[in-house]
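What follows is a short report on a single structure.
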Amino acid sequence: MRAEQYRGRMFIDGQWTDSRSGGTFEVTDPATGEVIGEVPDGGADDARDAIAAADAAFRAWSSTTATARADLLYAAWRRMTERSDELAELMTREQGKPLKASKAEVKYAADFLRFYAEEATRVTGEWLPSSRPDQRFLVLRQPVGVVAMVTPWNYPISMLTRKMAPALAAGCTLVLKPAEATPLCARAVFEIFEEVDTPAGVVNLVTALDPKPIGDVFTTDDRVRKLTFTGSTAVGRHLAGVAAGNLKRVSVELGGHAPFIVFPDADPVRAAKGAAALKFLNAGQACISPNRLYVSAEHEDAFVSTLVERVSRVKAGNGFDDGVGVGPLVNEAAVAKVADQVSDAVGKGASALVGGDRLREAPFDRGHFYAPTLLSGVADGMKIYREETFGPVAPVIRYDDVDHVLDLANDTNFGLAAYVYTTSLSTAIRAFEGLRFGIVGVNDVNPTSASAPFGGMKDSGIGREGSHDGIAEYLETKTGGFAL
Ligand code: ADP
């Protein structure tokens, strides 16, 4: 059976367009390897056309009322909600995650549209006193200008709205380049903005197989005033460096290596259930996925045996099939990286209690599948202890000294998410204060929401998305001194 074909287009200055070169690239289903569509292969000239459109639209868009911008975002929220089933199906086809997870993501994506519709009308200024009796100060918050956005494939709809909604609410115009693996989800998001009559040039989409020429334009073009990026630390470091060198504002959401600590006073069975639910979300392809499960020595047996039972139950497969908890990984390189980390760990003394290999037999042979895996006996010195896995592998590390477990958890260059299981309020507060991570889940495996700040410390990034903080990233502060 031939998969239905999707035809992608770029969206520049209110028009659906091909690339200037006329070139296209194919999009494949990671579960089956089937080609499901094709999209324009844009280049530097297309990026410049999109920036020119965003620049031309900025004056009018930034002069609209906050209420008008809120109305547009509410309309987009309604439209995304109406189209949620269809968007979820497209996401499962293009990105591979189980359909239920795709539906949850579309809801999360829509939440940003609604939250920033509300937030648009709460951008305020200040009236400040002066030491001079004949002077007053006013503080005005204004949109930064044209924003260039680069987004990843793992959350191919919500990572767009998490950037686009606050930017639009603030009064910015934008150019977005989605990941080459998931341009069709991006097209669908832009269709929604077209359907709600977003003025031409306010939102622009450029797709490309090779992201580099687009990144070069985004980070050097004078008309771009801010770069926002979500993706790997290596690419984010490079883009942020060039953009900052050109004195653009920069926000980057990068990799993570989340610790998950089971304290001696925790219920190890509850913690193991939480860890299993969290670790296999999106096949572990999330920057907040736990990468080090620290369990206190007295709980190791109960924690590990519950995890063995839970992980054995996680079914890998096509995200459209009932009961599937883990879909395919994004590509072959991702599978190879996971396989390398697991064989390195096993070679250095870890045990694969569940899984431990890629899935090769039909129906997995055409896609990029790795078995849901549980490793025990993981220790420092193994690659998985330091490197982000981005795959369905839960690595368990036993610890003996509770006084030093926060030091172990903090001993990483990353600083995005951390998780803690405890029944003690003071342990919870000490851990919350002591962990050098931007997000801490306390007995909670989903510490994310449109209304809560999301972002990392250290190599996990700069800036925050979501919440009131998220719109501040798109605003300049202007001070007025008024002599009376
Ligand atoms: P991953 O390794 O998980 O795919 P990347 O950081 O490579 O993560 O990708 C995240 C996003 O960054 C994607 O949209 C990708 O196309 C883009 N990207 C990668 N390299 C560059 C670059 N040099 N310039 C601009 N964008 C880039």
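Letters A, B, ... mark the chains of the structure tokens in the order given; residue numbers begin at 1 per chain; ligand numbers begin at 1, in order shown.
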Can you list every residue of chain A that has an atom at most 8 Å from ligand 1, with its nearest atom pair and the distance in Å to one decimal, using only C-alpha atoms and all ligand atoms, ordered by chain then number, as CSV?
residue,atom,partner,partner_atom_place_in_ligand_line,distance
A:Val150,CA,ligand 1,14 (O),5.2
A:Thr151,CA,ligand 1,14 (O),4.6
A:Pro152,CA,ligand 1,10 (C),4.4
A:Trp153,CA,ligand 1,13 (C),6.9
A:Asn154,CA,ligand 1,3 (O),7.6
A:Lys177,CA,ligand 1,14 (O),6.2
A:Pro178,CA,ligand 1,14 (O),4.7
A:Ala179,CA,ligand 1,14 (O),3.2
A:Glu180,CA,ligand 1,16 (O),5.5
A:Ala208,CA,ligand 1,16 (O),7.7
A:Leu209,CA,ligand 1,16 (O),7.4
A:Asp210,CA,ligand 1,16 (O),7.0
A:Pro211,CA,ligand 1,26 (N),4.5
A:Lys212,CA,ligand 1,23 (N),3.8
A:Pro213,CA,ligand 1,24 (N),6.8
A:Ile214,CA,ligand 1,25 (C),5.9
A:Gly215,CA,ligand 1,25 (C),3.5
A:Asp216,CA,ligand 1,24 (N),6.3
A:Phe218,CA,ligand 1,25 (C),7.8
A:Phe229,CA,ligand 1,12 (O),7.1
A:Thr230,CA,ligand 1,10 (C),6.1
A:Gly231,CA,ligand 1,10 (C),3.9
A:Ser232,CA,ligand 1,6 (O),3.6
A:Thr233,CA,ligand 1,6 (O),6.7
A:Ala234,CA,ligand 1,6 (O),6.8
A:Val235,CA,ligand 1,6 (O),4.8
A:Gly236,CA,ligand 1,6 (O),6.4
A:His238,CA,ligand 1,23 (N),7.4
A:Leu239,CA,ligand 1,24 (N),6.5
A:Leu254,CA,ligand 1,6 (O),8.0
- Task: Name the residues of segment 251-477 of chain A that come out as strand (DSSP E) in a backbone DSSP run; write them as an MDAnalysis selection string.
- Result: chainID A and resid 251:253 258:262 290:296 351:354 373:376 393:399 417:421 439:442 461:462 475:477
Compile the contact shell of Val330 of chain A as a JSON list (two decimals) with N, CA, C and O atoms, in the first residue's frame: residues with an atom at most 8 Å away, counting only C-alpha atoms, same-chain residues fewer than 3 positions apart removed.
[["chain", "number", "residue", "atom", "x", "y", "z"],
["A", 30, "PRO", "N", 9.59, 7.31, 10.03],
["A", 30, "PRO", "CA", 10.69, 6.60, 10.67],
["A", 30, "PRO", "C", 10.32, 5.18, 11.12],
["A", 30, "PRO", "O", 11.20, 4.40, 11.44],
["A", 95, "GLN", "N", 6.93, 11.74, 12.70],
["A", 95, "GLN", "CA", 7.92, 11.70, 13.78],
["A", 95, "GLN", "C", 7.95, 10.35, 14.49],
["A", 95, "GLN", "O", 8.96, 9.99, 15.08],
["A", 96, "GLY", "N", 6.83, 9.63, 14.50],
["A", 96, "GLY", "CA", 6.85, 8.26, 14.98],
["A", 96, "GLY", "C", 6.29, 8.02, 16.36],
["A", 96, "GLY", "O", 6.05, 6.87, 16.74],
["A", 181, "ALA", "N", 13.73, 16.63, 9.51],
["A", 181, "ALA", "CA", 12.97, 15.38, 9.66],
["A", 181, "ALA", "C", 11.47, 15.63, 9.79],
["A", 181, "ALA", "O", 10.67, 14.71, 9.57],
["A", 334, "ALA", "N", 20.79, 7.74, 15.32],
["A", 334, "ALA", "CA", 20.28, 7.72, 16.69],
["A", 334, "ALA", "C", 20.34, 6.31, 17.26],
["A", 334, "ALA", "O", 20.74, 6.10, 18.41],
["A", 368, "HIS", "N", 13.60, 2.46, 12.51],
["A", 368, "HIS", "CA", 14.78, 2.67, 13.36],
["A", 368, "HIS", "C", 14.39, 2.38, 14.81],
["A", 368, "HIS", "O", 14.08, 3.30, 15.57]]
- Message: Among segment 15-157 of chain A, which residues does DSSP mark as alpha helix (DSSP H) when it is run on the backbone? Keep the chain and numbering as in the structure and answer as a ChimeraX atom specification.
- Response: /A:44-62,66-82,84-95,99-120
Shell of 8 Å around segment 461-475 of chain A, only C-alpha atoms, local chain residues under 5 positions omitted, as an mmCIF file with C-alpha atoms, in the first residue's frame:
data_model
loop_
_atom_site.group_PDB
_atom_site.id
_atom_site.type_symbol
_atom_site.label_atom_id
_atom_site.label_comp_id
_atom_site.auth_asym_id
_atom_site.auth_seq_id
_atom_site.Cartn_x
_atom_site.Cartn_y
_atom_site.Cartn_z
ATOM 1 C CA PHE A 112 1.033 27.936 24.383
ATOM 2 C CA PHE A 115 -1.461 31.099 27.376
ATOM 3 C CA TYR A 116 0.217 33.788 25.250
ATOM 4 C CA GLU A 119 -0.213 37.056 28.310
ATOM 5 C CA ARG A 141 8.498 47.250 26.890
ATOM 6 C CA GLN A 142 8.581 46.812 23.119
ATOM 7 C CA PRO A 143 9.039 43.852 20.771
ATOM 8 C CA VAL A 144 12.676 43.098 19.877
ATOM 9 C CA ARG A 162 6.362 27.624 22.401
ATOM 10 C CA LYS A 163 8.449 30.115 20.411
ATOM 11 C CA PRO A 166 5.171 34.571 22.851
ATOM 12 C CA ALA A 167 6.949 36.254 19.930
ATOM 13 C CA ALA A 169 2.089 38.187 21.566
ATOM 14 C CA ALA A 170 5.001 40.559 22.132
ATOM 15 C CA CYS A 172 7.523 40.423 16.887
ATOM 16 C CA LYS A 226 16.949 37.734 18.001
ATOM 17 C CA THR A 233 24.234 21.610 22.542
ATOM 18 C CA VAL A 250 19.870 34.762 21.975
ATOM 19 C CA SER A 251 17.764 32.053 23.640
ATOM 20 C CA VAL A 252 18.880 28.425 23.358
ATOM 21 C CA GLU A 253 17.251 25.273 24.739
ATOM 22 C CA LEU A 254 19.825 22.509 24.487
ATOM 23 C CA GLY A 255 20.609 18.999 25.655
ATOM 24 C CA LEU A 416 18.022 21.152 32.352
ATOM 25 C CA SER A 449 3.277 23.428 31.395
ATOM 26 C CA ALA A 450 2.721 26.484 29.207
ATOM 27 C CA SER A 451 2.398 28.483 32.422
ATOM 28 C CA ALA A 452 5.712 27.332 33.958
ATOM 29 C CA PRO A 453 9.215 28.449 32.922
ATOM 30 C CA PHE A 454 11.150 25.848 30.924
ATOM 31 C CA GLY A 455 14.879 26.111 30.375
ATOM 32 C CA GLY A 456 18.308 25.067 31.458
#
- Message: What does the structure give for the distance between atom CA of Glu126 of chain A and atom CA of Gly481 of chain A, in Å to one decimal?
- Response: 11.9 Å
- Message: I'd like the neighbourhood of Pro363 of chain A as a list in words, where a residue qualifies if any of its atoms comes within 10 Å (using only C-alpha atoms), though same-chain residues fewer than 2 positions away should be ignored.
- Response: Ala31, Thr32, Gly317, Asn318, Leu359, Arg360, Glu361, Asp365, Arg366, Gly367 and Phe369 of chain A
Could you turn the residues from that selection into a file that holds N, CA, C and O atoms, as a PDB file, in the first residue's frame?
ATOM      1  N   ALA A  31       9.024   4.849  11.113  1.00  0.00           N
ATOM      2  CA  ALA A  31       8.622   3.489  11.506  1.00  0.00           C
ATOM      3  C   ALA A  31       8.691   2.523  10.335  1.00  0.00           C
ATOM      4  O   ALA A  31       8.870   1.324  10.522  1.00  0.00           O
ATOM      5  N   THR A  32       8.528   3.042   9.114  1.00  0.00           N
ATOM      6  CA  THR A  32       8.440   2.145   7.964  1.00  0.00           C
ATOM      7  C   THR A  32       9.474   2.449   6.881  1.00  0.00           C
ATOM      8  O   THR A  32       9.638   1.651   5.957  1.00  0.00           O
ATOM      9  N   GLY A 317       6.910  -0.337  18.735  1.00  0.00           N
ATOM     10  CA  GLY A 317       6.204  -0.586  17.485  1.00  0.00           C
ATOM     11  C   GLY A 317       5.826   0.687  16.773  1.00  0.00           C
ATOM     12  O   GLY A 317       6.256   1.786  17.142  1.00  0.00           O
ATOM     13  N   ASN A 318       4.998   0.511  15.747  1.00  0.00           N
ATOM     14  CA  ASN A 318       4.495   1.655  14.990  1.00  0.00           C
ATOM     15  C   ASN A 318       3.537   2.437  15.883  1.00  0.00           C
ATOM     16  O   ASN A 318       2.656   1.858  16.523  1.00  0.00           O
ATOM     17  N   LEU A 359      16.091  -3.554  17.513  1.00  0.00           N
ATOM     18  CA  LEU A 359      15.075  -4.513  17.067  1.00  0.00           C
ATOM     19  C   LEU A 359      15.220  -4.654  15.554  1.00  0.00           C
ATOM     20  O   LEU A 359      15.058  -3.687  14.821  1.00  0.00           O
ATOM     21  N   ARG A 360      15.557  -5.857  15.147  1.00  0.00           N
ATOM     22  CA  ARG A 360      15.904  -6.051  13.728  1.00  0.00           C
ATOM     23  C   ARG A 360      14.852  -6.815  12.935  1.00  0.00           C
ATOM     24  O   ARG A 360      14.759  -6.692  11.721  1.00  0.00           O
ATOM     25  N   GLU A 361      14.094  -7.663  13.641  1.00  0.00           N
ATOM     26  CA  GLU A 361      13.168  -8.539  12.913  1.00  0.00           C
ATOM     27  C   GLU A 361      11.946  -7.747  12.419  1.00  0.00           C
ATOM     28  O   GLU A 361      11.581  -6.746  13.009  1.00  0.00           O
ATOM     29  N   ASP A 365      12.227  -4.129  10.892  1.00  0.00           N
ATOM     30  CA  ASP A 365      13.405  -4.091  10.032  1.00  0.00           C
ATOM     31  C   ASP A 365      13.470  -2.868   9.121  1.00  0.00           C
ATOM     32  O   ASP A 365      14.538  -2.466   8.703  1.00  0.00           O
ATOM     33  N   ARG A 366      12.322  -2.268   8.830  1.00  0.00           N
ATOM     34  CA  ARG A 366      12.359  -1.124   7.913  1.00  0.00           C
ATOM     35  C   ARG A 366      12.476   0.215   8.643  1.00  0.00           C
ATOM     36  O   ARG A 366      12.712   1.249   8.056  1.00  0.00           O
ATOM     37  N   GLY A 367      12.266   0.184   9.966  1.00  0.00           N
ATOM     38  CA  GLY A 367      12.326   1.428  10.736  1.00  0.00           C
ATOM     39  C   GLY A 367      13.567   1.475  11.608  1.00  0.00           C
ATOM     40  O   GLY A 367      14.468   0.645  11.482  1.00  0.00           O
ATOM     41  N   PHE A 369      14.399   1.093  15.174  1.00  0.00           N
ATOM     42  CA  PHE A 369      13.886   0.723  16.498  1.00  0.00           C
ATOM     43  C   PHE A 369      14.977   0.218  17.427  1.00  0.00           C
ATOM     44  O   PHE A 369      15.835  -0.573  17.016  1.00  0.00           O
TER      45      PHE A 369
END
- Task: Could you give me, as a PyMOL selection string, the residues within 7 Å of segment 392-398 of chain A, counting only C-alpha atoms and dropping anything in the same chain fewer than 4 positions from it?
- Result: chain A and resi 279-280+283-284+291-297+300+372-379
- Message: Please determine, counting only C-alpha atoms, which residue among A:Gly415, A:Pro133, A:Gly8, A:Pro199 has the shortest atom-to-atom distance to Glu388 of chain A.
- Response: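 Of all the options, A:Gly415 lies closest to Glu388 of chain A.
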- Message: From the options A:Leu184, A:Met457, A:Ala417, A:Leu174, which residue's atoms come nearest to Ala200 of chain A, counting only C-alpha atoms?
- Response: A:Leu174
- Item | Non-local contacts of Leu435 of chain A (12 Å; only C-alpha atoms; under 2 positions in same chain excluded) as a VMD selection string | chain A and resid 258 to 261 404 to 412 414 to 420 427 to 433 437 to 442 456 to 457
- Query: What is the distance, in Å and to one decimal place, between atom CA of Cys185 of chain A and atom CA of Ala101 of chain A?
  - Reply: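 Here the two named atoms are 14.7 Å from each other.
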